[in-house]
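K.L.:
Input structure: input06.cif, which contains mmCIF, C-alpha atoms and all ligand atoms.
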```
data_coords
#
loop_
_atom_site.group_PDB
_atom_site.id
_atom_site.type_symbol
_atom_site.label_atom_id
_atom_site.label_comp_id
_atom_site.auth_asym_id
_atom_site.auth_seq_id
_atom_site.Cartn_x
_atom_site.Cartn_y
_atom_site.Cartn_z
ATOM 1 C CA MET A 21 0.000 0.000 0.000
ATOM 2 C CA ASP A 22 1.300 3.451 -0.978
ATOM 3 C CA SER A 23 1.486 5.528 2.217
ATOM 4 C CA ASN A 24 1.090 8.758 0.234
ATOM 5 C CA LYS A 25 -2.487 7.937 -0.731
ATOM 6 C CA PRO A 26 -5.222 9.837 1.111
ATOM 7 C CA ILE A 27 -7.354 8.571 3.998
ATOM 8 C CA GLY A 28 -11.008 8.028 3.033
ATOM 9 C CA ILE A 29 -13.565 9.213 5.570
ATOM 10 C CA PHE A 30 -17.320 8.980 5.130
ATOM 11 C CA ASP A 31 -20.437 9.933 7.012
ATOM 12 C CA SER A 32 -24.158 10.153 6.421
ATOM 13 C CA GLY A 33 -23.707 13.918 6.018
ATOM 14 C CA VAL A 34 -21.715 16.726 7.572
ATOM 15 C CA GLY A 35 -21.261 15.206 11.041
ATOM 16 C CA GLY A 36 -18.175 13.184 10.082
ATOM 17 C CA LEU A 37 -16.336 16.467 9.712
ATOM 18 C CA THR A 38 -15.906 16.359 13.502
ATOM 19 C CA VAL A 39 -13.683 13.317 12.849
ATOM 20 C CA VAL A 40 -11.947 15.091 9.946
ATOM 21 C CA ALA A 41 -11.220 18.058 12.230
ATOM 22 C CA GLU A 42 -9.553 15.726 14.729
ATOM 23 C CA VAL A 43 -7.571 13.963 11.976
ATOM 24 C CA PHE A 44 -6.325 17.375 10.789
ATOM 25 C CA ARG A 45 -5.344 18.228 14.360
ATOM 26 C CA GLN A 46 -3.624 14.946 15.183
ATOM 27 C CA LEU A 47 -2.282 14.085 11.711
ATOM 28 C CA PRO A 48 -1.553 17.356 9.909
ATOM 29 C CA ASP A 49 0.489 15.691 7.143
ATOM 30 C CA GLU A 50 -2.285 13.391 5.940
ATOM 31 C CA ASN A 51 -4.551 14.054 2.984
ATOM 32 C CA VAL A 52 -8.257 13.313 3.371
ATOM 33 C CA VAL A 53 -10.967 12.409 0.885
ATOM 34 C CA TYR A 54 -14.337 12.972 2.559
ATOM 35 C CA PHE A 55 -17.688 11.734 1.380
ATOM 36 C CA GLY A 56 -20.827 13.142 3.048
ATOM 37 C CA ASP A 57 -24.095 11.540 2.042
ATOM 38 C CA VAL A 58 -26.012 14.793 2.602
ATOM 39 C CA GLY A 59 -28.612 13.819 0.025
ATOM 40 C CA ARG A 60 -29.716 10.794 2.064
ATOM 41 C CA THR A 61 -29.029 11.942 5.607
ATOM 42 C CA PRO A 62 -30.048 11.045 8.289
ATOM 43 C CA TYR A 63 -29.138 7.369 8.540
ATOM 44 C CA GLY A 64 -29.943 7.272 12.249
ATOM 45 C CA ASN A 65 -33.595 6.336 12.025
ATOM 46 C CA ARG A 66 -33.480 4.085 8.940
ATOM 47 C CA SER A 67 -33.769 0.314 8.705
ATOM 48 C CA LYS A 68 -30.750 -1.938 8.839
ATOM 49 C CA ASP A 69 -31.065 -2.918 5.154
ATOM 50 C CA ILE A 70 -31.022 0.668 3.958
ATOM 51 C CA ILE A 71 -28.086 1.616 6.199
ATOM 52 C CA LEU A 72 -26.202 -1.389 4.819
ATOM 53 C CA GLN A 73 -26.986 -0.460 1.222
ATOM 54 C CA PHE A 74 -25.906 3.174 1.740
ATOM 55 C CA THR A 75 -22.731 2.160 3.567
ATOM 56 C CA ARG A 76 -21.789 -0.226 0.724
ATOM 57 C CA GLN A 77 -22.132 2.628 -1.752
ATOM 58 C CA ASP A 78 -20.175 5.081 0.413
ATOM 59 C CA VAL A 79 -17.314 2.597 0.720
ATOM 60 C CA ALA A 80 -17.417 1.734 -3.011
ATOM 61 C CA PHE A 81 -17.145 5.431 -3.824
ATOM 62 C CA LEU A 82 -14.124 5.927 -1.547
ATOM 63 C CA ARG A 83 -12.420 2.860 -2.994
ATOM 64 C CA ASP A 84 -12.819 4.483 -6.383
ATOM 65 C CA GLN A 85 -10.861 7.472 -5.037
ATOM 66 C CA ASP A 86 -7.929 5.157 -4.340
ATOM 67 C CA VAL A 87 -7.656 5.788 -0.604
ATOM 68 C CA LYS A 88 -5.202 3.903 1.637
ATOM 69 C CA PHE A 89 -7.807 3.001 4.214
ATOM 70 C CA ILE A 90 -11.292 3.970 5.283
ATOM 71 C CA VAL A 91 -12.794 5.547 8.373
ATOM 72 C CA ALA A 92 -16.517 5.070 8.946
ATOM 73 C CA ALA A 93 -17.035 8.363 10.799
ATOM 74 C CA CYS A 94 -20.784 7.781 11.004
ATOM 75 C CA ASN A 95 -21.673 6.003 14.246
ATOM 76 C CA THR A 96 -24.846 4.586 12.704
ATOM 77 C CA ALA A 97 -23.031 3.136 9.659
ATOM 78 C CA ALA A 98 -20.210 1.868 11.875
ATOM 79 C CA ALA A 99 -22.624 0.279 14.359
ATOM 80 C CA VAL A 100 -25.024 -1.286 11.890
ATOM 81 C CA ALA A 101 -23.106 -2.033 8.690
ATOM 82 C CA MET A 102 -19.341 -1.739 8.957
ATOM 83 C CA GLU A 103 -18.548 -5.292 9.965
ATOM 84 C CA THR A 104 -20.468 -6.679 6.974
ATOM 85 C CA VAL A 105 -19.058 -4.181 4.490
ATOM 86 C CA ALA A 106 -15.483 -4.503 5.785
ATOM 87 C CA ALA A 107 -15.654 -8.267 5.156
ATOM 88 C CA GLU A 108 -16.440 -7.545 1.491
ATOM 89 C CA HIS A 109 -13.271 -5.494 0.927
ATOM 90 C CA ASP A 110 -9.521 -6.035 0.972
ATOM 91 C CA ILE A 111 -8.816 -2.655 2.538
ATOM 92 C CA ASP A 112 -8.658 -1.871 6.249
ATOM 93 C CA MET A 113 -11.475 0.081 7.842
ATOM 94 C CA ILE A 114 -11.845 1.754 11.213
ATOM 95 C CA GLY A 115 -15.192 2.718 12.692
ATOM 96 C CA VAL A 116 -15.918 5.124 15.503
ATOM 97 C CA ILE A 117 -17.406 2.510 17.849
ATOM 98 C CA GLU A 118 -14.308 0.600 19.027
ATOM 99 C CA PRO A 119 -12.219 3.724 19.745
ATOM 100 C CA GLY A 120 -15.089 5.329 21.680
ATOM 101 C CA ALA A 121 -15.756 2.128 23.605
ATOM 102 C CA LYS A 122 -12.066 1.723 24.445
ATOM 103 C CA ALA A 123 -11.806 5.298 25.693
ATOM 104 C CA ALA A 124 -14.866 4.738 27.908
ATOM 105 C CA VAL A 125 -13.411 1.549 29.405
ATOM 106 C CA GLU A 126 -10.143 3.362 30.135
ATOM 107 C CA THR A 127 -11.956 6.325 31.685
ATOM 108 C CA THR A 128 -14.663 4.891 33.935
ATOM 109 C CA LYS A 129 -13.807 4.438 37.603
ATOM 110 C CA THR A 130 -17.219 3.335 38.837
ATOM 111 C CA GLY A 131 -17.910 0.946 35.942
ATOM 112 C CA ARG A 132 -21.109 2.803 35.013
ATOM 113 C CA VAL A 133 -21.038 4.122 31.459
ATOM 114 C CA GLY A 134 -23.715 5.926 29.466
ATOM 115 C CA ILE A 135 -24.011 5.867 25.671
ATOM 116 C CA ILE A 136 -26.022 8.358 23.659
ATOM 117 C CA GLY A 137 -26.553 8.067 19.899
ATOM 118 C CA THR A 138 -29.100 7.778 17.113
ATOM 119 C CA GLN A 139 -31.913 5.232 17.220
ATOM 120 C CA GLY A 140 -29.977 2.982 14.807
ATOM 121 C CA THR A 141 -26.796 3.063 16.871
ATOM 122 C CA ILE A 142 -28.595 2.433 20.152
ATOM 123 C CA ALA A 143 -30.798 -0.345 18.701
ATOM 124 C CA SER A 144 -27.706 -2.122 17.318
ATOM 125 C CA ASP A 145 -26.212 -2.476 20.826
ATOM 126 C CA ALA A 146 -22.800 -2.028 19.196
ATOM 127 C CA TYR A 147 -21.362 0.124 21.995
ATOM 128 C CA PRO A 148 -22.478 -2.088 24.929
ATOM 129 C CA LYS A 149 -21.174 -5.154 23.075
ATOM 130 C CA ALA A 150 -17.814 -3.509 22.356
ATOM 131 C CA ILE A 151 -17.483 -2.278 25.960
ATOM 132 C CA GLN A 152 -18.486 -5.539 27.570
ATOM 133 C CA LYS A 153 -16.094 -7.452 25.312
ATOM 134 C CA MET A 154 -13.295 -5.372 26.852
ATOM 135 C CA ASP A 155 -14.663 -5.492 30.410
ATOM 136 C CA ASP A 156 -17.802 -7.460 31.197
ATOM 137 C CA LYS A 157 -18.148 -5.931 34.659
ATOM 138 C CA ILE A 158 -19.002 -2.508 33.239
ATOM 139 C CA LYS A 159 -22.687 -1.594 33.307
ATOM 140 C CA VAL A 160 -23.801 0.257 30.185
ATOM 141 C CA PHE A 161 -26.865 2.506 29.944
ATOM 142 C CA SER A 162 -27.916 3.418 26.392
ATOM 143 C CA LEU A 163 -30.151 6.221 25.232
ATOM 144 C CA ALA A 164 -31.215 7.492 21.801
ATOM 145 C CA CYS A 165 -31.246 11.303 21.508
ATOM 146 C CA PRO A 166 -32.410 11.892 17.911
ATOM 147 C CA LEU A 167 -33.194 15.602 18.321
ATOM 148 C CA PHE A 168 -29.549 16.401 19.061
ATOM 149 C CA VAL A 169 -28.677 15.964 15.358
ATOM 150 C CA PRO A 170 -30.868 18.793 13.972
ATOM 151 C CA LEU A 171 -29.912 21.002 16.944
ATOM 152 C CA ALA A 172 -26.219 20.616 16.093
ATOM 153 C CA GLU A 173 -26.838 21.227 12.395
ATOM 154 C CA GLU A 174 -28.820 24.383 13.138
ATOM 155 C CA GLY A 175 -26.023 25.740 15.302
ATOM 156 C CA TYR A 176 -27.967 25.439 18.577
ATOM 157 C CA GLN A 177 -24.761 24.907 20.547
ATOM 158 C CA ASP A 178 -25.736 27.111 23.457
ATOM 159 C CA ARG A 179 -29.463 27.787 23.072
ATOM 160 C CA LYS A 180 -32.218 27.460 25.637
ATOM 161 C CA ALA A 181 -34.096 24.905 23.496
ATOM 162 C CA SER A 182 -31.032 22.632 23.480
ATOM 163 C CA TYR A 183 -30.790 22.746 27.287
ATOM 164 C CA MET A 184 -34.498 21.931 27.614
ATOM 165 C CA ILE A 185 -34.280 18.969 25.258
ATOM 166 C CA ALA A 186 -31.090 17.748 26.925
ATOM 167 C CA GLU A 187 -32.776 17.978 30.366
ATOM 168 C CA ASP A 188 -35.607 15.859 29.073
ATOM 169 C CA TYR A 189 -33.393 13.256 27.414
ATOM 170 C CA LEU A 190 -30.634 12.958 29.994
ATOM 171 C CA GLN A 191 -32.687 12.743 33.191
ATOM 172 C CA SER A 192 -32.770 8.936 32.979
ATOM 173 C CA LEU A 193 -28.969 8.823 32.738
ATOM 174 C CA ARG A 194 -28.591 11.163 35.706
ATOM 175 C CA ASP A 195 -30.772 8.786 37.716
ATOM 176 C CA VAL A 196 -28.419 5.825 37.182
ATOM 177 C CA HIS A 197 -25.268 7.699 38.294
ATOM 178 C CA ILE A 198 -22.883 7.129 35.392
ATOM 179 C CA ASP A 199 -19.364 8.581 35.609
ATOM 180 C CA THR A 200 -18.604 8.405 31.858
ATOM 181 C CA LEU A 201 -20.763 9.292 28.861
ATOM 182 C CA VAL A 202 -19.909 8.377 25.257
ATOM 183 C CA LEU A 203 -21.024 10.895 22.641
ATOM 184 C CA GLY A 204 -21.903 8.110 20.200
ATOM 185 C CA CYS A 205 -22.921 10.288 17.276
ATOM 186 C CA THR A 206 -20.899 12.492 14.954
ATOM 187 C CA HIS A 207 -22.968 15.568 15.801
ATOM 188 C CA TYR A 208 -22.921 15.408 19.570
ATOM 189 C CA PRO A 209 -19.421 16.876 20.120
ATOM 190 C CA LEU A 210 -20.918 20.162 18.934
ATOM 191 C CA LEU A 211 -23.347 20.036 21.848
ATOM 192 C CA LYS A 212 -20.661 19.223 24.418
ATOM 193 C CA LYS A 213 -21.293 22.327 26.500
ATOM 194 C CA VAL A 214 -25.035 21.638 26.753
ATOM 195 C CA ILE A 215 -24.570 17.929 27.464
ATOM 196 C CA GLN A 216 -21.836 18.518 30.051
ATOM 197 C CA THR A 217 -23.904 21.145 31.873
ATOM 198 C CA VAL A 218 -26.994 18.949 32.003
ATOM 199 C CA ILE A 219 -25.333 15.631 32.850
ATOM 200 C CA GLY A 220 -23.069 17.272 35.445
ATOM 201 C CA GLU A 221 -19.383 18.137 35.718
ATOM 202 C CA ASN A 222 -18.601 14.875 37.510
ATOM 203 C CA VAL A 223 -19.347 12.875 34.339
ATOM 204 C CA THR A 224 -16.509 12.581 31.788
ATOM 205 C CA LEU A 225 -17.619 12.965 28.175
ATOM 206 C CA ILE A 226 -15.995 10.722 25.581
ATOM 207 C CA ASP A 227 -15.777 12.340 22.185
ATOM 208 C CA SER A 228 -15.549 9.450 19.726
ATOM 209 C CA ALA A 229 -14.078 11.786 17.076
ATOM 210 C CA THR A 230 -10.989 12.407 19.237
ATOM 211 C CA ALA A 231 -10.702 8.726 20.146
ATOM 212 C CA THR A 232 -11.061 7.697 16.489
ATOM 213 C CA ALA A 233 -8.374 10.080 15.229
ATOM 214 C CA ARG A 234 -6.060 8.657 17.913
ATOM 215 C CA GLU A 235 -6.834 5.156 16.646
ATOM 216 C CA VAL A 236 -6.135 6.281 13.055
ATOM 217 C CA ARG A 237 -2.747 7.566 14.169
ATOM 218 C CA GLN A 238 -1.960 4.257 15.884
ATOM 219 C CA TYR A 239 -3.087 2.324 12.811
ATOM 220 C CA LEU A 240 -0.873 4.380 10.471
ATOM 221 C CA ALA A 241 2.097 3.953 12.819
ATOM 222 C CA LYS A 242 1.603 0.194 13.107
ATOM 223 C CA SER A 243 1.146 -0.237 9.348
ATOM 224 C CA GLY A 244 3.986 2.104 8.332
ATOM 225 C CA LEU A 245 1.486 4.225 6.409
ATOM 226 C CA PHE A 246 2.295 7.781 7.530
ATOM 227 C CA ARG A 247 2.357 10.121 4.549
ATOM 228 C CA ASP A 248 5.661 11.738 3.607
ATOM 229 C CA ASN A 249 5.035 15.428 3.493
ATOM 230 C CA PRO A 250 8.366 17.197 3.028
ATOM 231 C CA THR A 251 6.756 20.275 1.415
ATOM 232 C CA GLY A 252 4.050 20.651 4.070
ATOM 233 C CA VAL A 253 1.389 20.942 1.372
ATOM 234 C CA ASN A 254 -1.975 19.170 1.696
ATOM 235 C CA SER A 255 -4.739 18.494 -0.750
ATOM 236 C CA HIS A 256 -8.065 17.452 0.758
ATOM 237 C CA LYS A 257 -11.117 16.571 -1.289
ATOM 238 C CA TYR A 258 -14.766 16.808 -0.271
ATOM 239 C CA TYR A 259 -17.581 15.002 -2.049
ATOM 240 C CA VAL A 260 -21.299 15.116 -1.273
ATOM 241 C CA SER A 261 -24.470 13.588 -2.660
ATOM 242 C CA ASP A 262 -26.447 16.831 -2.702
ATOM 243 C CA VAL A 263 -26.143 20.607 -3.157
ATOM 244 C CA PRO A 264 -22.633 21.626 -2.092
ATOM 245 C CA ASP A 265 -23.710 25.165 -1.054
ATOM 246 C CA LYS A 266 -25.448 24.077 2.128
ATOM 247 C CA PHE A 267 -22.676 21.629 2.863
ATOM 248 C CA ALA A 268 -20.075 24.393 2.826
ATOM 249 C CA THR A 269 -22.124 26.531 5.258
ATOM 250 C CA VAL A 270 -22.752 23.760 7.768
ATOM 251 C CA ALA A 271 -19.215 22.469 7.272
ATOM 252 C CA LEU A 272 -17.837 25.789 8.484
ATOM 253 C CA ARG A 273 -19.575 25.125 11.821
ATOM 254 C CA PHE A 274 -18.276 21.565 12.060
ATOM 255 C CA LEU A 275 -14.762 22.028 10.751
ATOM 256 C CA GLY A 276 -14.127 25.576 11.857
ATOM 257 C CA ARG A 277 -12.735 26.475 8.442
ATOM 258 C CA ARG A 278 -14.137 27.264 5.011
ATOM 259 C CA ILE A 279 -14.054 24.626 2.325
ATOM 260 C CA ASP A 280 -14.613 25.615 -1.262
ATOM 261 C CA ASN A 281 -13.742 22.588 -3.332
ATOM 262 C CA VAL A 282 -16.924 20.574 -2.701
ATOM 263 C CA ILE A 283 -17.932 18.238 -5.516
ATOM 264 C CA ARG A 284 -21.350 16.669 -5.986
ATOM 265 C CA VAL A 285 -21.476 12.994 -7.005
ATOM 266 C CA ASP A 286 -24.260 10.584 -7.907
ATOM 267 C CA ILE A 287 -23.792 8.029 -5.128
ATOM 268 C CA THR A 288 -26.532 5.752 -6.503
ATOM 269 C CA LYS A 289 -24.114 4.769 -9.308
ATOM 270 C CA TYR A 290 -21.877 2.986 -6.822
HETATM 271 N N1 LIG A 301 -23.768 10.506 11.352
HETATM 272 C C1 LIG A 301 -24.829 9.971 12.166
HETATM 273 C C2 LIG A 301 -24.216 9.214 13.348
HETATM 274 O O1 LIG A 301 -23.113 9.465 13.762
HETATM 275 C C3 LIG A 301 -25.759 11.048 12.671
HETATM 276 C C4 LIG A 301 -26.650 11.636 11.613
HETATM 277 C C5 LIG A 301 -27.538 10.602 10.982
HETATM 278 O O2 LIG A 301 -28.495 10.135 11.633
HETATM 279 O O3 LIG A 301 -27.289 10.276 9.825
HETATM 280 O O4 LIG A 301 -24.848 8.344 13.875
#
```
Would it be possible to restate this file's structure as structure tokens?
Ligand code: DGL

P.N.:
Amino acid sequence: MDSNKPIGIFDSGVGGLTVVAEVFRQLPDENVVYFGDVGRTPYGNRSKDIILQFTRQDVAFLRDQDVKFIVAACNTAAAVAMETVAAEHDIDMIGVIEPGAKAAVETTKTGRVGIIGTQGTIASDAYPKAIQKMDDKIKVFSLACPLFVPLAEEGYQDRKASYMIAEDYLQSLRDVHIDTLVLGCTHYPLLKKVIQTVIGENVTLIDSATATAREVRQYLAKSGLFRDNPTGVNSHKYYVSDVPDKFATVALRFLGRRIDNVIRVDITKY
């Protein structure tokens, strides 16, 4: 495998840019090809079959871009479909579930961990399974928080409505006295302030984007796949399945920088 190839990262939409932002921070020499399935987002409340079909197409598209390996930045795709799709390819893939689960296991002191995510991610039980495989004494409490996705996309990072919804959702997790909470959805890191305030300062939040980028770094080190970047120049590419204009606006919020070179592709061809 040529280490100078880019890393492929995909998500159901813009949310995976939280993982891209962490990859940029932790691995500044790497090039990234991002695919955001904005035209078919959200995946979180769809059936397993559809999530599998979409994930297959996302991965097929990235393979066509000749990437060196693939990151499933979408928690829903990673939880529901990645294992199946990874078995169909001869390229390595990393999802966000294992890194997030590992970080939670390393963090919890009381052995009581909360997971929040989309309906698809929570229904799959992927996080509890991954955590209990590492430590079967840990008690895991899962909760779907579907309204957090549109709140993050609308920029409701510090709005009254977000606090009210978070109060409503997170009460059940406060009642069971967790000490660690996994943000098991690409969008939730944007609502960190709201979630931390509502769940309480004594609960440690696990941002799966940070944990995943760390795992990517370890993978590249282990596989000898760090990109040579003597000139310090990068070339990232962004592809979407619907109108790039909106993507660029929301992307600014997620990535904290402007991206102009957004290309629209017909993902149904893959
Ligand atoms: N990217 C999805 C996830 O991390 C959230 C948005 C969606 O439902 O598609 O689960």

K.L.:
Tell me, counting only C-alpha atoms and all ligand atoms, for each residue of chain A within 9 Å of ligand LIG 301 (chain A), which pair of atoms is nearest and how far apart they are in Å to one decimal, in rows ordered by chain and increasing number, as a tab-separated table.

P.N.:
```
residue	atom	partner	partner_atom	distance
A:Asp31	CA	A:LIG301	N1	5.5
A:Ser32	CA	A:LIG301	O3	4.6
A:Gly33	CA	A:LIG301	N1	6.3
A:Val34	CA	A:LIG301	N1	7.6
A:Gly35	CA	A:LIG301	N1	5.3
A:Gly36	CA	A:LIG301	N1	6.3
A:Asp57	CA	A:LIG301	O3	8.5
A:Val58	CA	A:LIG301	O3	8.6
A:Arg60	CA	A:LIG301	O3	8.1
A:Thr61	CA	A:LIG301	O3	4.9
A:Pro62	CA	A:LIG301	O3	3.3
A:Tyr63	CA	A:LIG301	O3	3.7
A:Gly64	CA	A:LIG301	O2	3.3
A:Asn65	CA	A:LIG301	O2	6.4
A:Arg66	CA	A:LIG301	O2	8.3
A:Ala93	CA	A:LIG301	O1	6.9
A:Cys94	CA	A:LIG301	O1	4.0
A:Asn95	CA	A:LIG301	O1	3.8
A:Thr96	CA	A:LIG301	O4	3.9
A:Ala97	CA	A:LIG301	O4	6.9
A:Ala98	CA	A:LIG301	O4	8.2
A:Ala99	CA	A:LIG301	O4	8.4
A:Val116	CA	A:LIG301	O1	8.6
A:Gly137	CA	A:LIG301	O4	6.3
A:Thr138	CA	A:LIG301	O4	5.4
A:Gln139	CA	A:LIG301	O2	8.2
A:Gly140	CA	A:LIG301	O4	7.5
A:Thr141	CA	A:LIG301	O4	6.4
A:Pro166	CA	A:LIG301	O2	7.6
A:Val169	CA	A:LIG301	C4	6.1
A:Pro170	CA	A:LIG301	C4	8.6
A:Gly204	CA	A:LIG301	O1	6.7
A:Cys205	CA	A:LIG301	O1	3.6
A:Thr206	CA	A:LIG301	O1	3.9
A:His207	CA	A:LIG301	C3	6.2
A:Tyr208	CA	A:LIG301	O1	8.3
```

K.L.:
When the PyMOL selection byres (((chain A and resi 46) around 10) and not hetatm) is applied to the file above, which residues end up in the set, as a PyMOL selection string?

P.N.:
chain A and resi 40-45+47-50+230+233-234+236-237

K.L.:
Where does the PyMOL selection byres (((chain A and resi 276) around 12) and not hetatm) land in this file, that is, which residues does it pick, as a ChimeraX atom specification?

P.N.:
/A:37-38,40-42,44-45,210,268-275,277-279

K.L.:
Please determine, counting all atoms listed in the file, which residue among A:Val214, A:Val79, A:Leu167, A:Ile151 has the shortest atom-to-atom distance to Val202 (chain A).

P.N.:
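Selected residue with least distance to Val202 (chain A): A:Ile151.
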
K.L.:
Using all atoms listed in the file for the distances, tell me which of A:Asp227, A:Asp78, A:Asp248, A:Asp112 is nearest to Ser261 (chain A).

P.N.:
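The answer is A:Asp78, which sits nearest to Ser261 (chain A).
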
K.L.:
So, counting all atoms listed in the file, which residue among A:Asp265, A:Glu126, A:Glu221, A:Glu118 is closest to Asp280 (chain A)?

P.N.:
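Among the listed residues, A:Asp265 lies closest to Asp280 (chain A).
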
K.L.:
Counting all atoms listed in the file, figure out which residue out of A:Gln191, A:Asn51, A:Asn24, A:Thr75 gets nearest to Tyr258 (chain A).

P.N.:
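Distance minimum relative to Tyr258 (chain A) lands on A:Asn51.
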
K.L.:
For this structure, which residues satisfy the selection - the PyMOL selection byres (((chain A and resi 252-256) around 6) and not hetatm) - when it is evaluated on the file as given? I want them as a CSV table (one decimal) with C-alpha atoms, in the frame of the given file.

P.N.:
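Here's the written file result_12.csv:
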```csv
chain,number,residue,atom,x,y,z
A,51,ASN,CA,-4.6,14.1,3.0
A,52,VAL,CA,-8.3,13.3,3.4
A,53,VAL,CA,-11.0,12.4,0.9
A,249,ASN,CA,5.0,15.4,3.5
A,250,PRO,CA,8.4,17.2,3.0
A,251,THR,CA,6.8,20.3,1.4
A,257,LYS,CA,-11.1,16.6,-1.3
```

K.L.:
Return as AutoDock Vina command-line options the box centre and box size in Å, one decimal, for an axis-aligned box around all listed atoms of region 33-40 of chain A padded by 3 Å per side.

P.N.:
```
--center_x -17.8 --center_y 15.0 --center_z 9.8 --size_x 17.8 --size_y 9.5 --size_z 13.5
```

K.L.:
Interatomic distance between CA of Ser23 (chain A) and CA of Ile283 (chain A)?

P.N.:
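Those two atoms sit 24.5 Å apart.
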